[in-house]
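Structure file model35.txt; described as compact mmCIF, C-alpha atoms.
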# COMPACT_ATOMS: atom_id res chain seq x y z
CA MET A 1 1.95 1.26 -27.74
CA GLY A 2 5.47 0.20 -26.72
CA THR A 3 6.46 -1.25 -23.39
CA ALA A 4 9.10 -0.05 -20.98
CA ARG A 5 12.57 -1.60 -21.30
CA THR A 6 14.61 -2.15 -18.16
CA SER A 7 18.13 -3.26 -17.40
CA ARG A 8 20.20 -3.91 -14.29
CA THR A 9 23.92 -3.15 -14.01
CA PRO A 10 26.05 -4.07 -10.96
CA LEU A 11 28.30 -1.21 -9.83
CA PRO A 12 31.11 -2.82 -7.78
CA GLY A 13 31.67 -1.03 -4.50
CA ILE A 14 28.63 1.22 -5.08
CA GLY A 15 25.49 -0.87 -5.58
CA VAL A 16 23.27 -1.53 -8.59
CA ARG A 17 22.00 0.76 -11.35
CA TYR A 18 18.55 0.17 -12.79
CA ASP A 19 17.78 1.79 -16.15
CA LEU A 20 14.35 2.30 -17.62
CA THR A 21 13.51 3.45 -21.12
CA THR A 22 9.85 4.46 -21.36
CA ARG A 23 7.53 3.93 -24.30
CA GLU A 24 8.20 7.61 -25.13
CA HIS A 25 11.93 6.79 -25.32
CA ARG A 26 12.75 8.76 -22.15
CA ARG A 27 15.57 7.34 -20.05
CA LEU A 28 15.49 7.14 -16.25
CA SER A 29 17.90 5.47 -13.87
CA VAL A 30 18.08 4.63 -10.21
CA VAL A 31 21.34 3.82 -8.48
CA ALA A 32 20.63 1.70 -5.40
CA HIS A 33 23.60 2.43 -3.15
CA ARG A 34 24.84 -0.17 -0.68
CA ASP A 35 23.97 2.12 2.25
CA GLY A 36 20.25 2.08 1.26
CA SER A 37 20.21 5.54 -0.34
CA ARG A 38 19.15 6.04 -3.95
CA THR A 39 20.05 8.39 -6.78
CA LEU A 40 17.22 9.02 -9.22
CA SER A 41 18.25 10.49 -12.56
CA ALA A 42 16.35 11.59 -15.65
CA TYR A 43 18.09 12.18 -18.95
CA ARG A 44 17.50 14.80 -21.62
CA GLU A 45 15.11 13.91 -24.41
CA ASP A 46 17.39 15.31 -27.12
CA ASP A 47 20.52 13.66 -25.65
CA PRO A 48 19.86 10.48 -23.66
CA ASP A 49 23.43 10.54 -22.33
CA ALA A 50 23.03 14.03 -20.76
CA CYS A 51 21.53 14.05 -17.27
CA ALA A 52 18.77 16.66 -16.91
CA LEU A 53 17.92 15.90 -13.25
CA SER A 54 19.59 13.99 -10.45
CA VAL A 55 18.02 13.62 -7.01
CA GLN A 56 19.62 12.03 -3.95
CA LEU A 57 17.13 10.12 -1.77
CA THR A 58 17.53 8.55 1.65
CA GLY A 59 16.22 5.02 2.07
CA GLY A 60 13.06 6.39 3.72
CA GLU A 61 12.52 8.92 0.94
CA ALA A 62 12.97 6.18 -1.67
CA ASP A 63 10.39 4.02 0.17
CA ALA A 64 7.96 6.96 0.24
CA LEU A 65 8.42 7.56 -3.49
CA ALA A 66 7.98 3.86 -4.27
CA GLY A 67 4.77 3.86 -2.23
CA ALA A 68 3.46 6.85 -4.17
CA LEU A 69 4.14 5.03 -7.45
CA LYS A 70 2.21 1.92 -6.43
CA PRO A 71 -1.42 1.67 -7.57
CA THR A 72 -2.62 1.23 -3.97
CA HIS A 73 -1.31 4.60 -2.81
CA GLN A 74 -4.79 6.15 -2.74
CA SER A 75 -5.66 4.25 0.45
CA PRO A 76 -3.06 3.68 3.16
CA SER A 77 -5.36 1.10 4.75
CA LEU A 78 -5.73 -0.96 1.54
CA LEU A 79 -3.78 -4.21 1.81
CA SER A 80 -4.54 -5.76 -1.57
CA THR A 81 -7.03 -6.20 -4.37
CA THR A 82 -7.84 -9.11 -6.60
CA GLU A 83 -9.12 -9.51 -10.13
CA LEU A 84 -12.24 -10.99 -8.54
CA GLY A 85 -13.27 -7.56 -7.24
CA LEU A 86 -12.31 -8.25 -3.63
CA VAL A 87 -10.23 -5.99 -1.41
CA ALA A 88 -8.45 -6.63 1.87
CA GLU A 89 -8.27 -3.56 4.03
CA ARG A 90 -7.55 -2.30 7.54
CA VAL A 91 -10.54 -0.70 9.25
CA SER A 92 -9.96 1.11 12.55
CA LEU A 93 -12.45 1.05 15.41
CA PRO A 94 -12.49 4.50 17.01
CA SER A 95 -12.69 4.68 20.79
CA THR A 96 -15.92 6.69 20.34
CA SER A 97 -17.53 3.89 18.31
CA HIS A 98 -20.89 2.52 19.38
CA TRP A 99 -19.23 -0.94 19.17
CA ASN A 100 -16.40 -0.22 21.64
CA GLY A 101 -16.68 -2.95 24.32
CA ARG A 102 -19.40 -4.86 22.44
CA LEU A 103 -19.33 -8.26 20.79
CA LEU A 104 -18.31 -8.63 17.17
CA GLY A 105 -21.41 -10.73 16.47
CA ASP A 106 -23.62 -7.84 17.58
CA THR A 107 -22.40 -5.78 14.61
CA ARG A 108 -23.97 -8.31 12.17
CA MET A 109 -21.04 -7.36 9.94
CA ARG A 110 -21.13 -10.35 7.60
CA THR A 111 -24.93 -10.28 7.30
CA GLU A 112 -25.10 -6.52 6.70
CA THR A 113 -22.05 -6.06 4.46
CA GLY A 114 -20.90 -9.48 3.23
CA VAL A 115 -17.34 -8.84 4.46
CA SER A 116 -15.27 -11.31 6.43
CA ILE A 117 -13.18 -10.18 9.37
CA VAL A 118 -10.05 -12.28 9.12
CA ALA A 119 -8.08 -10.75 12.00
CA VAL A 120 -8.06 -8.04 14.63
CA LEU A 121 -4.88 -6.15 15.46
CA ARG A 122 -4.81 -4.97 19.07
CA ARG A 123 -1.69 -3.19 20.29
CA ALA A 124 1.12 -5.66 19.51
CA ASP A 125 -1.19 -8.68 19.18
CA ALA A 126 -2.92 -10.19 16.17
CA ILE A 127 -6.08 -12.17 16.81
CA PRO A 128 -6.82 -14.36 13.75
CA SER A 129 -10.37 -15.32 12.79
CA PRO A 130 -12.25 -13.65 15.65
CA GLY A 131 -15.61 -15.26 16.33
CA PRO A 132 -18.93 -13.60 17.12
CA GLY A 133 -18.12 -13.71 20.86
CA PHE A 134 -15.00 -11.56 20.39
CA ARG A 135 -15.24 -8.28 22.34
CA LEU A 136 -14.21 -5.21 20.31
CA ALA A 137 -12.14 -2.41 21.86
CA GLY A 138 -11.49 1.15 20.75
CA GLY A 139 -8.21 1.31 18.86
CA ASP A 140 -8.64 -2.16 17.35
CA THR A 141 -7.80 -2.51 13.67
CA LEU A 142 -9.93 -5.05 11.85
CA ILE A 143 -8.58 -6.77 8.73
CA VAL A 144 -11.60 -7.20 6.47
CA ILE A 145 -12.05 -8.84 3.07
CA GLY A 146 -14.96 -8.19 0.77
CA THR A 147 -16.15 -6.07 -2.10
CA ARG A 148 -15.20 -2.38 -2.17
CA GLU A 149 -18.81 -1.52 -1.29
CA GLY A 150 -18.90 -4.05 1.53
CA VAL A 151 -15.65 -2.80 3.06
CA ASP A 152 -16.89 0.80 2.87
CA ALA A 153 -20.16 -0.24 4.56
CA ALA A 154 -18.21 -2.09 7.26
CA ALA A 155 -16.12 1.00 7.95
CA ALA A 156 -19.30 3.07 8.26
CA ILE A 157 -20.83 0.57 10.70
CA LEU A 158 -17.68 0.46 12.84
CA GLY A 159 -17.40 4.25 12.84
CA ARG A 160 -20.96 4.68 14.15
CA GLU A 161 -20.97 6.66 17.39
Whole structure, C-alpha cells version:
Amino acid sequence: MGTARTSRTPLPGIGVRYDLTTREHRRLSVVAHRDGSRTLSAYREDDPDACALSVQLTGGEADALAGALKPTHQSPSLLSTTELGLVAERVSLPSTSHWNGRLLGDTRMRTETGVSIVAVLRRADAIPSPGPGFRLAGGDTLIVIGTREGVDAAAAILGRE
C-alpha cells in the first residue's frame, strides 16, 4: 500500500498551495489564501491536470471541514487520546444533576470510575485540580482523564438526576 505524497508551493500575492497525491494516484489541492479562505480542488483521474471540482471555502468552512477529517470528530467533547488507552474529555454537569451544589468528593468519582478530574471550567474561569471539597454547580464542565469506559461511567454519574 502506497503512502500519500504532499508538496507545498508558495503563491506570491495569493497564499500557499498544498498538493496531495493519494495512494490511488488521485490529485487534490488546497490553496490557502492570505485572507483565510481556501480553495479545495480535485483533479480528474484520467487527466491529473484537468480540474474536476473546485470549491471555495471561507475560513470557518475550512475549519469545519478540517474538524470533520480529524479522527476525533465523532465526539466534540473528546480532547485527546493516547496509545495507552486513556482519553481526556469534557463532561458537562447538567443543572438538573443530582450533584448540582454538592461536593465533588461525594461523587466518589475516582473510586467508582478510576477517572481523574484535572480541571473544572465554570463560565470564564478554569479551576485546576479541584479537590474533594470543591462544590459542583450546574453548567460546570469537568475535564476528566481515564479509560473510555471510566469516562463514560463518569458522564453517567454526573448526569444522574
Practice task
Pick out the closest residue to Phe134 (chain A) from this set: A:Asp19, A:Glu161, A:Asp106, A:Glu112. Count only C-alpha atoms.
Solution key: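 For Phe134 (chain A), the nearest of the candidates is A:Asp106.
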Problem - Atom-to-atom span, CA of Gly36 (chain A) and CA of Gly67 (chain A), Å - result: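 It comes out at 16.0 Å.
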Enclose all atoms of region 44-55 of chain A listed in the file in an axis-aligned box, grow every side by 4 Å, and hand back centre and edge lengths in Å to one decimal, as JSON.
{"center_x": 19.3, "center_y": 13.6, "center_z": -17.1, "size_x": 16.3, "size_y": 14.2, "size_z": 28.1}
Practice task
Measuring atom to atom with all atoms listed in the file, identify which of A:Gly139, A:Leu158, A:Val91, A:Arg148 is nearest to Ala124 (chain A).
Solution key: A:Gly139
Practice task
Find the residue from A:Val16, A:Ala137, A:Leu142, A:Leu103 that sits nearest to Val120 (chain A); use only C-alpha atoms when measuring.
Solution key: A:Leu142
